[in-house]
Structures are given as C-alpha cells and as structure tokens.
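K.L.:
Below is the file data-v8.txt, with compact mmCIF, C-alpha atoms (C1' of nucleotides).
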# COMPACT_ATOMS: atom_id res chain seq x y z
CA MET M 340 -63.45 -13.90 44.65
CA ALA M 341 -63.82 -16.33 47.53
CA PRO M 342 -62.63 -15.49 51.06
CA ASP M 343 -62.12 -19.15 51.70
CA GLY M 344 -59.43 -19.71 49.16
CA GLU M 345 -58.03 -17.10 46.87
CA LEU M 346 -58.18 -14.13 49.21
CA ARG M 347 -56.72 -16.16 52.01
CA GLY M 348 -53.98 -17.22 49.66
CA HIS M 349 -53.35 -13.66 48.63
CA ALA M 350 -53.04 -12.49 52.21
CA GLU M 351 -50.72 -15.32 53.18
CA LEU M 352 -48.55 -14.87 50.15
CA ALA M 353 -48.32 -11.16 50.85
CA ARG M 354 -47.40 -11.90 54.44
CA THR M 355 -44.79 -14.57 53.81
CA GLY M 356 -43.53 -13.53 50.39
CA SER M 357 -43.16 -17.18 49.52
CA PHE M 358 -45.50 -19.50 47.61
CA SER M 359 -44.24 -22.51 49.53
CA ARG M 360 -44.77 -20.99 52.97
CA ALA M 361 -48.13 -19.52 52.05
CA ALA M 362 -49.26 -22.83 50.60
CA GLU M 363 -48.55 -24.83 53.72
CA SER M 364 -50.07 -22.08 55.79
CA CYS M 365 -53.27 -22.50 53.78
CA HIS M 366 -53.04 -26.29 53.86
CA VAL M 367 -52.92 -26.64 50.11
CA SER M 368 -50.22 -27.79 47.74
CA GLN M 369 -47.87 -25.23 46.30
CA PRO M 370 -49.10 -25.58 42.72
CA SER M 371 -52.65 -25.08 43.98
CA LEU M 372 -51.80 -21.77 45.53
CA SER M 373 -49.95 -20.78 42.39
CA GLN M 374 -53.18 -21.42 40.48
CA GLN M 375 -55.24 -19.46 42.97
CA ILE M 376 -53.08 -16.39 42.56
CA GLN M 377 -53.06 -16.76 38.80
CA LYS M 378 -56.83 -17.04 38.84
CA LEU M 379 -57.10 -13.86 40.89
CA GLU M 380 -54.71 -12.02 38.62
CA ARG M 381 -56.50 -13.25 35.53
CA GLY M 382 -59.89 -12.34 36.97
CA LEU M 383 -58.76 -8.84 37.85
CA GLY M 384 -56.74 -8.40 34.70
CA GLN M 385 -53.54 -7.33 36.42
CA ARG M 386 -50.60 -8.64 38.38
CA LEU M 387 -50.82 -8.74 42.13
CA PHE M 388 -47.26 -9.86 42.81
CA ASP M 389 -43.91 -9.33 41.22
CA ARG M 390 -41.95 -12.55 41.10
CA VAL M 391 -38.46 -11.44 41.76
CA ALA M 392 -35.51 -13.42 43.01
CA ARG M 393 -37.49 -16.27 44.56
CA ARG M 394 -39.66 -13.83 46.41
CA ALA M 395 -43.17 -12.57 45.73
CA VAL M 396 -43.62 -8.87 46.48
CA LEU M 397 -46.90 -7.00 46.23
CA THR M 398 -47.54 -4.74 43.29
CA ASP M 399 -49.48 -1.54 43.89
CA ALA M 400 -52.62 -3.34 42.81
CA GLY M 401 -51.79 -6.22 45.12
CA ARG M 402 -51.39 -3.85 48.04
CA LEU M 403 -54.70 -2.25 47.19
CA LEU M 404 -56.39 -5.63 47.23
CA LEU M 405 -54.67 -6.74 50.41
CA GLU M 406 -56.35 -4.04 52.49
CA ARG M 407 -59.78 -5.15 51.30
CA ALA M 408 -58.93 -8.82 51.54
CA GLU M 409 -57.95 -8.47 55.18
CA ALA M 410 -61.15 -6.62 55.95
CA ILE M 411 -63.17 -9.32 54.21
CA LEU M 412 -61.38 -12.18 55.94
CA GLU M 413 -61.82 -10.45 59.26
CA THR M 414 -65.52 -9.94 58.68
CA VAL M 415 -65.96 -13.56 57.64
CA GLU M 416 -64.26 -14.73 60.81
CA ASP M 417 -66.35 -12.33 62.85
CA ALA M 418 -69.50 -13.70 61.24
CA LYS M 419 -68.60 -17.29 62.05
CA ARG M 420 -67.62 -16.45 65.62
CA CYS M 421 -70.68 -14.31 66.09
CA LEU M 422 -73.04 -16.96 64.75
CA ARG M 423 -71.40 -19.67 66.78
CA ASP M 424 -71.67 -17.67 69.98
CA ALA M 425 -75.29 -16.80 69.32
CA HIS M 426 -76.02 -20.46 68.70
CA GLN M 427 -74.59 -21.62 72.00
CA GLY M 428 -75.87 -18.65 73.94
CA GLY M 429 -79.39 -18.77 72.60
CA HIS M 430 -80.26 -22.17 73.96
CA LEU M 431 -78.51 -24.78 76.00
CA SER M 432 -77.68 -28.09 74.41
CA ILE M 433 -77.45 -31.00 76.84
CA GLY M 434 -76.15 -34.34 75.73
CA ALA M 435 -76.09 -37.65 77.59
CA ILE M 436 -75.99 -41.31 76.68
CA PRO M 437 -79.47 -42.88 76.76
CA THR M 438 -78.51 -45.24 79.56
CA ILE M 439 -78.16 -42.54 82.16
CA ALA M 440 -80.18 -39.73 80.57
CA PRO M 441 -83.52 -40.71 82.22
CA TYR M 442 -81.89 -40.50 85.64
CA LEU M 443 -79.81 -37.39 85.10
CA LEU M 444 -81.95 -35.03 83.08
CA PRO M 445 -85.03 -34.72 85.33
CA SER M 446 -82.99 -33.56 88.30
CA LEU M 447 -81.13 -31.07 86.14
CA SER M 448 -84.38 -29.69 84.80
CA ALA M 449 -85.75 -29.43 88.30
CA ALA M 450 -82.69 -27.43 89.34
CA GLY M 451 -83.38 -24.97 86.51
CA GLY M 452 -80.84 -22.75 84.80
CA SER M 453 -78.33 -21.49 87.31
CA MET Q 351 -68.61 -18.83 52.52
CA ALA Q 352 -68.27 -17.19 49.13
CA PRO Q 353 -69.37 -13.59 48.45
CA ASP Q 354 -69.96 -14.46 44.87
CA GLY Q 355 -72.71 -16.96 45.47
CA GLU Q 356 -74.03 -17.94 48.82
CA LEU Q 357 -73.73 -14.60 50.59
CA ARG Q 358 -75.25 -12.82 47.65
CA GLY Q 359 -78.07 -15.34 47.73
CA HIS Q 360 -78.54 -14.82 51.44
CA ALA Q 361 -78.79 -11.06 51.05
CA GLU Q 362 -81.21 -11.27 48.15
CA LEU Q 363 -83.38 -13.82 49.88
CA ALA Q 364 -83.46 -11.65 52.97
CA ARG Q 365 -84.40 -8.66 50.87
CA THR Q 366 -87.12 -10.27 48.79
CA GLY Q 367 -88.36 -12.93 51.17
CA SER Q 368 -88.89 -15.21 48.20
CA PHE Q 369 -86.67 -17.95 46.79
CA SER Q 370 -88.05 -17.38 43.30
CA ARG Q 371 -87.44 -13.65 43.28
CA ALA Q 372 -84.03 -13.96 44.89
CA ALA Q 373 -83.05 -16.65 42.41
CA GLU Q 374 -83.81 -14.58 39.33
CA SER Q 375 -82.18 -11.60 40.97
CA CYS Q 376 -79.01 -13.68 41.27
CA HIS Q 377 -79.42 -15.13 37.79
CA VAL Q 378 -79.57 -18.68 39.02
CA SER Q 379 -82.35 -21.27 39.06
CA GLN Q 380 -84.59 -21.53 42.07
CA PRO Q 381 -83.32 -24.96 43.12
CA SER Q 382 -79.77 -23.65 42.93
CA LEU Q 383 -80.49 -20.87 45.35
CA SER Q 384 -82.27 -23.33 47.59
CA GLN Q 385 -79.09 -25.37 47.65
CA GLN Q 386 -76.95 -22.34 48.36
CA ILE Q 387 -78.98 -21.45 51.42
CA GLN Q 388 -79.01 -25.04 52.60
CA LYS Q 389 -75.26 -25.18 52.19
CA LEU Q 390 -74.85 -22.04 54.27
CA GLU Q 391 -77.19 -23.32 56.96
CA ARG Q 392 -75.46 -26.67 57.00
CA GLY Q 393 -72.06 -25.07 57.17
CA LEU Q 394 -73.05 -22.84 60.05
CA GLY Q 395 -75.07 -25.50 61.80
CA GLN Q 396 -78.20 -23.41 62.15
CA ARG Q 397 -81.17 -22.10 60.26
CA LEU Q 398 -80.93 -18.69 58.66
CA PHE Q 399 -84.53 -18.45 57.48
CA ASP Q 400 -87.88 -19.62 58.72
CA ARG Q 401 -89.94 -21.01 55.89
CA VAL Q 402 -93.41 -19.90 56.75
CA ALA Q 403 -96.42 -19.53 54.49
CA ARG Q 404 -94.49 -19.33 51.21
CA ARG Q 405 -92.25 -16.66 52.61
CA ALA Q 406 -88.70 -16.80 53.94
CA VAL Q 407 -88.11 -14.62 56.99
CA LEU Q 408 -84.77 -14.15 58.70
CA THR Q 409 -84.06 -15.92 61.95
CA ASP Q 410 -81.99 -14.13 64.56
CA ALA Q 411 -78.93 -15.91 63.25
CA GLY Q 412 -79.86 -14.94 59.70
CA ARG Q 413 -80.14 -11.32 60.69
CA LEU Q 414 -76.77 -11.52 62.39
CA LEU Q 415 -75.22 -12.91 59.24
CA LEU Q 416 -76.93 -10.40 56.98
CA GLU Q 417 -75.14 -7.46 58.53
CA ARG Q 418 -71.75 -9.08 57.90
CA ALA Q 419 -72.74 -10.35 54.50
CA GLU Q 420 -73.64 -6.88 53.32
CA ALA Q 421 -70.36 -5.51 54.60
CA ILE Q 422 -68.47 -8.27 52.81
CA LEU Q 423 -70.32 -7.81 49.54
CA GLU Q 424 -69.74 -4.09 49.73
CA THR Q 425 -66.03 -4.55 50.35
CA VAL Q 426 -65.74 -7.00 47.47
CA GLU Q 427 -67.38 -4.54 45.13
CA ASP Q 428 -65.16 -1.80 46.43
CA ALA Q 429 -62.10 -3.92 45.79
CA LYS Q 430 -63.10 -4.62 42.19
CA ARG Q 431 -63.93 -0.99 41.52
CA CYS Q 432 -60.79 0.19 43.23
CA LEU Q 433 -58.55 -2.18 41.30
CA ARG Q 434 -60.22 -1.38 38.03
CA ASP Q 435 -59.80 2.34 38.56
CA ALA Q 436 -56.19 1.96 39.59
CA HIS Q 437 -55.55 -0.13 36.52
CA GLN Q 438 -56.87 2.49 34.12
CA GLY Q 439 -55.51 5.42 36.08
CA GLY Q 440 -52.05 4.02 36.68
CA HIS Q 441 -51.01 3.77 33.08
CA LEU Q 442 -52.63 4.55 29.80
CA SER Q 443 -53.53 1.73 27.50
CA ILE Q 444 -53.59 2.68 23.83
CA GLY Q 445 -54.97 0.35 21.24
CA ALA Q 446 -54.98 0.65 17.48
CA ILE Q 447 -55.21 -1.72 14.53
CA PRO Q 448 -51.76 -2.52 13.11
CA THR Q 449 -52.61 -0.86 9.81
CA ILE Q 450 -52.72 2.65 11.19
CA ALA Q 451 -50.74 2.23 14.43
CA PRO Q 452 -47.33 3.12 12.90
CA TYR Q 453 -48.72 6.42 11.67
CA LEU Q 454 -50.78 7.34 14.72
CA LEU Q 455 -48.71 6.30 17.72
CA PRO Q 456 -45.49 8.25 17.14
CA SER Q 457 -47.32 11.57 16.95
CA LEU Q 458 -49.28 10.74 20.08
CA SER Q 459 -46.09 9.89 21.94
CA ALA Q 460 -44.48 13.07 20.77
CA ALA Q 461 -47.41 15.05 22.10
CA GLY Q 462 -46.89 13.44 25.52
CA GLY Q 463 -49.49 12.95 28.27
CA SER Q 464 -51.81 15.92 28.39
C1' DA Z 399 -26.94 -29.47 42.35
C1' DA Z 400 -30.62 -27.77 45.07
C1' DT Z 401 -34.54 -25.01 45.88
C1' DT Z 402 -38.57 -22.55 44.19
C1' DC Z 403 -42.12 -21.54 41.03
C1' DT Z 404 -44.80 -22.90 36.95
C1' DT Z 405 -46.98 -26.05 33.61
C1' DA Z 406 -49.23 -30.50 32.61
C1' DC Z 407 -52.35 -33.81 33.56
C1' DG Z 408 -55.71 -36.94 35.64
C1' DA Z 409 -59.19 -37.50 39.33
C1' DA Z 410 -62.53 -35.87 42.55
C1' DC Z 411 -65.57 -32.70 44.16
C1' DG Z 412 -69.06 -29.12 43.80
C1' DC Z 413 -72.50 -26.32 41.44
C1' DC Z 414 -75.88 -25.60 38.13
C1' DG Z 415 -80.00 -26.66 35.55
C1' DT Z 416 -83.93 -29.80 34.31
C1' DA Z 417 -87.28 -32.77 35.93
C1' DA Z 418 -90.04 -34.76 39.41
C1' DT Z 419 -92.10 -34.65 44.14
C1' DC Z 420 -94.18 -32.31 47.98
C1' DA Z 421 -96.67 -28.77 50.32
C1' DT Z 422 -99.47 -24.81 50.74
C1' DC Z 423 -103.02 -21.67 49.30
C1' DG L 1291 -105.30 -26.91 40.55
C1' DA L 1292 -101.86 -23.55 40.73
C1' DT L 1293 -97.88 -21.53 42.75
C1' DG L 1294 -93.68 -22.03 45.29
C1' DA L 1295 -89.99 -24.85 47.62
C1' DT L 1296 -87.38 -29.09 48.01
C1' DT L 1297 -85.34 -33.46 46.40
C1' DA L 1298 -83.23 -36.24 42.68
C1' DC L 1299 -80.21 -36.64 39.16
C1' DG L 1300 -76.99 -36.03 35.28
C1' DG L 1301 -73.48 -33.04 33.14
C1' DC L 1302 -70.08 -29.63 33.25
C1' DG L 1303 -66.67 -26.78 35.17
C1' DT L 1304 -63.44 -25.92 38.74
C1' DT L 1305 -59.90 -27.19 42.00
C1' DC L 1306 -57.03 -30.22 43.91
C1' DG L 1307 -52.70 -33.07 44.14
C1' DT L 1308 -48.87 -35.55 41.88
C1' DA L 1309 -45.46 -35.36 38.52
C1' DA L 1310 -42.59 -33.12 35.23
C1' DG L 1311 -40.29 -28.95 33.53
C1' DA L 1312 -37.90 -24.33 33.83
C1' DA L 1313 -35.32 -20.96 36.21
C1' DT L 1314 -32.43 -18.96 39.60
C1' DT L 1315 -28.74 -19.26 43.11
Rewrite the structure of this file - the entire thing - as structure tokens.
P.N.:
Amino acid sequence: MAPDGELRGHAELARTGSFSRAAESCHVSQPSLSQQIQKLERGLGQRLFDRVARRAVLTDAGRLLLERAEAILETVEDAKRCLRDAHQGGHLSIGAIPTIAPYLLPSLSAAGGS
Amino acid sequence: MAPDGELRGHAELARTGSFSRAAESCHVSQPSLSQQIQKLERGLGQRLFDRVARRAVLTDAGRLLLERAEAILETVEDAKRCLRDAHQGGHLSIGAIPTIAPYLLPSLSAAGGS
DNA sequence: AATTCTTACGAACGCCGTAATCATC
DNA sequence: GATGATTACGGCGTTCGTAAGAATT
C-alpha cells in the first residue's frame, strides 16, 4: 500500500468519481489507474468502488479506507514539507559561479548572518 | 515514500541502530535495507542517519521523519485491520465442500443469523 | 457512434539477493 | 582477521503506456 501511487489514486478516484479524471489528476494513464485500484482491491480482498453508470462510487469499505488514506497522504506531505523546511532552515546554502565567488563570498561572510 | 518498505526500514533502523538487525527484522537482506535508506536519503536530499562506529544514529532530519513514519505505519496497519474486520463483520461468508453443502446450507439458512 | 472502463501486451524501471570490496574494531 | 556496511551486478517482478476490446448511453 504505497502513498505515492495507489492511495493517491484511491483518493482522487473517490473525489472525482471518474477513472479518466483521476488518472490525469495523478499524471498516469487511465489503464494504469485502473490497475492500481484493482491491485488495491485484490490486496484487500474486497471492492472499494462500485462501477455504476460510468461513475465510480465508494463502497463502505472504500469509504473506510479513504479516511485513512487521506490521513496518510497528509502525513506524507507534512513529512516532506517538514524535512524540506528543516533542511533550509538548519544551514544556509550559498551558491555562486566560480568567476565571481572569490570576490563576493568573503564580504558576505564578513557581514555575518543578518 | 512507501510504508511497506522504506519507512518500515527507517523505523527499524532507528530502533535497532544496526543495518543487520533492522534488515532481518524487515525480512530483507542487509544490502537491500542499505539501498532503501539511501533511496530515502537521496529522495529527501539529506542524511537521515549518521554512520558512526558501526552504529546508525538518527540525524535531526531522521528524527523528524521518524515521528511521521511511525504515524503512517500505524495508520496503514489500522486501515488493514479496519478493512479486514469490516469485511468479516459486514456479511457472513460460509464455506463448505460441494458434497455436503446441499444438505448443510438450507438448514443453516432456515435457522437464520443468530 | 461516442465515451468510458477493462483487458492484453510489450518495454522499462526498480527492488531484491548474491557476491565482492571496503572499513572499522 | 572478523564483523558490519557499501558497491556491483544479474534476475525477477511490478508498473507503465499504447492498443484493442467490451459496455453503456
């Protein structure tokens, strides 16, 4: 059960109710998303969506999973954001092309962190 | 970032402090777990563990991730458990070999759910 | 007939495990 | 020299996308 992939697909399909829309929202082909959902359903041993009249509607099991899936996706995003912020906040990365670096960097260092 | 895999590896490595121990705990080879951690670190663009004196100790970033990872793993387990319970609780599955099914099932149906 | 989902299929990518290399105690 | 981690490498499984098929409106 991978947040990047199946769970994302599940959430998008639940939100849009359409394989096509969900697929493009996840930047994968429609058949791919179809496989992802089938894989989930197979892995869990039960249907997550009822395919009815060109629309996909959550089953009870699907709804149950959706709550957890959203929590997981949220936490994953939080982790990435959190780590990224900590990375940039922890130390300052200064970049400059070699040609001007020798002239620029010493004065910046001398000025110290503002 | 997959709960089944990398995040599990991260948590186990954090817990044991040893690639070997964590690997067998995850039922994968040691090199595999090494790759998983490297993949995570590469993907996040920063180290998660300091390799020091044959021990792996969490960096600040690693500690930050660990909190989220544990939450994610917990939620994934909860989802599986929850879905499994709902599956068995929602409707009753009765199995019987064809030979005796015709004799057994009708009487059970007649008795109704207890 | 047109749109949407599923099935089929071939290719590419990723992950695992074994083996070899490196480092540390 | 022995233990533990990383690198190298080959094989297998998974996932993707394109193409074809089935179904519904």
K.L.:
Find, counting only C-alpha atoms (C1' of nucleotides), the residue in Q:Arg434, Q:Arg404, Q:Arg397, Q:Arg413 that gets nearest to chain Z.
P.N.:
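Selected residue with least distance to chain Z: Q:Arg404.
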K.L.:
Determine, counting all atoms listed in the file, which protein, DNA and RNA residues have an atom within 12 Å of an atom of Leu383 of chain M; residues of the same chain fewer than 6 positions away are not included. Present the result as a list in words.
P.N.:
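Residues near the query, excluding close chain neighbours: Met340, Ile376, Gln377, Ala400, Gly401 and Leu404 of chain M; Ala429, Lys430, Arg431, Cys432, Leu433, Arg434, Asp435, Ala436 and His437 of chain Q.
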K.L.:
Would you list which chain Q residues are within 10 Å of chain L using all atoms listed in the file, as a list in words?
P.N.:
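Applying the cut-off to the listed atoms yields Ser368, Phe369, Ser370, Gln380, Pro381, Ser384, Gln385, Arg401, Ala403, Arg404 and Arg405 of chain Q.
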K.L.:
Export, as a CSV table (one decimal), in the frame of the given file, the selected residues with C-alpha atoms.
P.N.:
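To be explicit, this is the file written out as selection03.csv:
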chain,number,residue,atom,x,y,z
Q,368,SER,CA,-88.9,-15.2,48.2
Q,369,PHE,CA,-86.7,-18.0,46.8
Q,370,SER,CA,-88.0,-17.4,43.3
Q,380,GLN,CA,-84.6,-21.5,42.1
Q,381,PRO,CA,-83.3,-25.0,43.1
Q,384,SER,CA,-82.3,-23.3,47.6
Q,385,GLN,CA,-79.1,-25.4,47.6
Q,401,ARG,CA,-89.9,-21.0,55.9
Q,403,ALA,CA,-96.4,-19.5,54.5
Q,404,ARG,CA,-94.5,-19.3,51.2
Q,405,ARG,CA,-92.2,-16.7,52.6
K.L.:
Chain Z residues within 8 Å of chain Q, counting all atoms listed in the file: which ones, as a list in words?
P.N.:
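Here is what falls inside 8 Å: DC413, DC414, DG415 and DT422 of chain Z.
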K.L.:
Which residue gives the smallest distance to chain M among Q:Leu408, Q:Ile422, Q:Cys376, Q:Leu357, with only C-alpha atoms counted?
P.N.:
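Once distances to chain M are computed over only C-alpha atoms, the minimum belongs to Q:Ile422.
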K.L.:
What is the distance, in Å and to one decimal place, between atom CA of Leu398 of chain Q and atom CA of Glu427 of chain Q?
P.N.:
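These two atoms are separated by 23.8 Å.
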K.L.:
Quote the spacing between atom CA of Leu423 of chain Q and atom CA of Arg358 of chain Q in Å to one decimal place.
P.N.:
7.3 Å
K.L.:
One number please: atom CA of Gly348 of chain M to atom CA of Glu406 of chain M, in Å, one decimal.
P.N.:
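About the pair atom CA of Gly348 of chain M and atom CA of Glu406 of chain M: they are 13.7 Å apart.
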K.L.:
Each side padded by 6 Å, which centre and which edge lengths in Å (one decimal) define the axis-aligned box around the listed atoms of segment 416-433 of chain Q? Give them as JSON.
P.N.:
{"center_x": -67.7, "center_y": -5.1, "center_z": 49.9, "size_x": 30.4, "size_y": 22.6, "size_z": 29.2}
K.L.:
I need the residue nearest chain Q from this list: M:Ala341, M:Ala362, M:Val396, M:Ala350. Use only C-alpha atoms for the distance.
P.N.:
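So, comparing all the options, the nearest one is M:Ala341.
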K.L.:
With all atoms listed in the file as the basis for distance, which of Q:Leu390, Q:Ala372, Q:Ala406, Q:Ala364 is at the shortest distance from chain M?
P.N.:
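Closest to chain M of all the choices is Q:Leu390.
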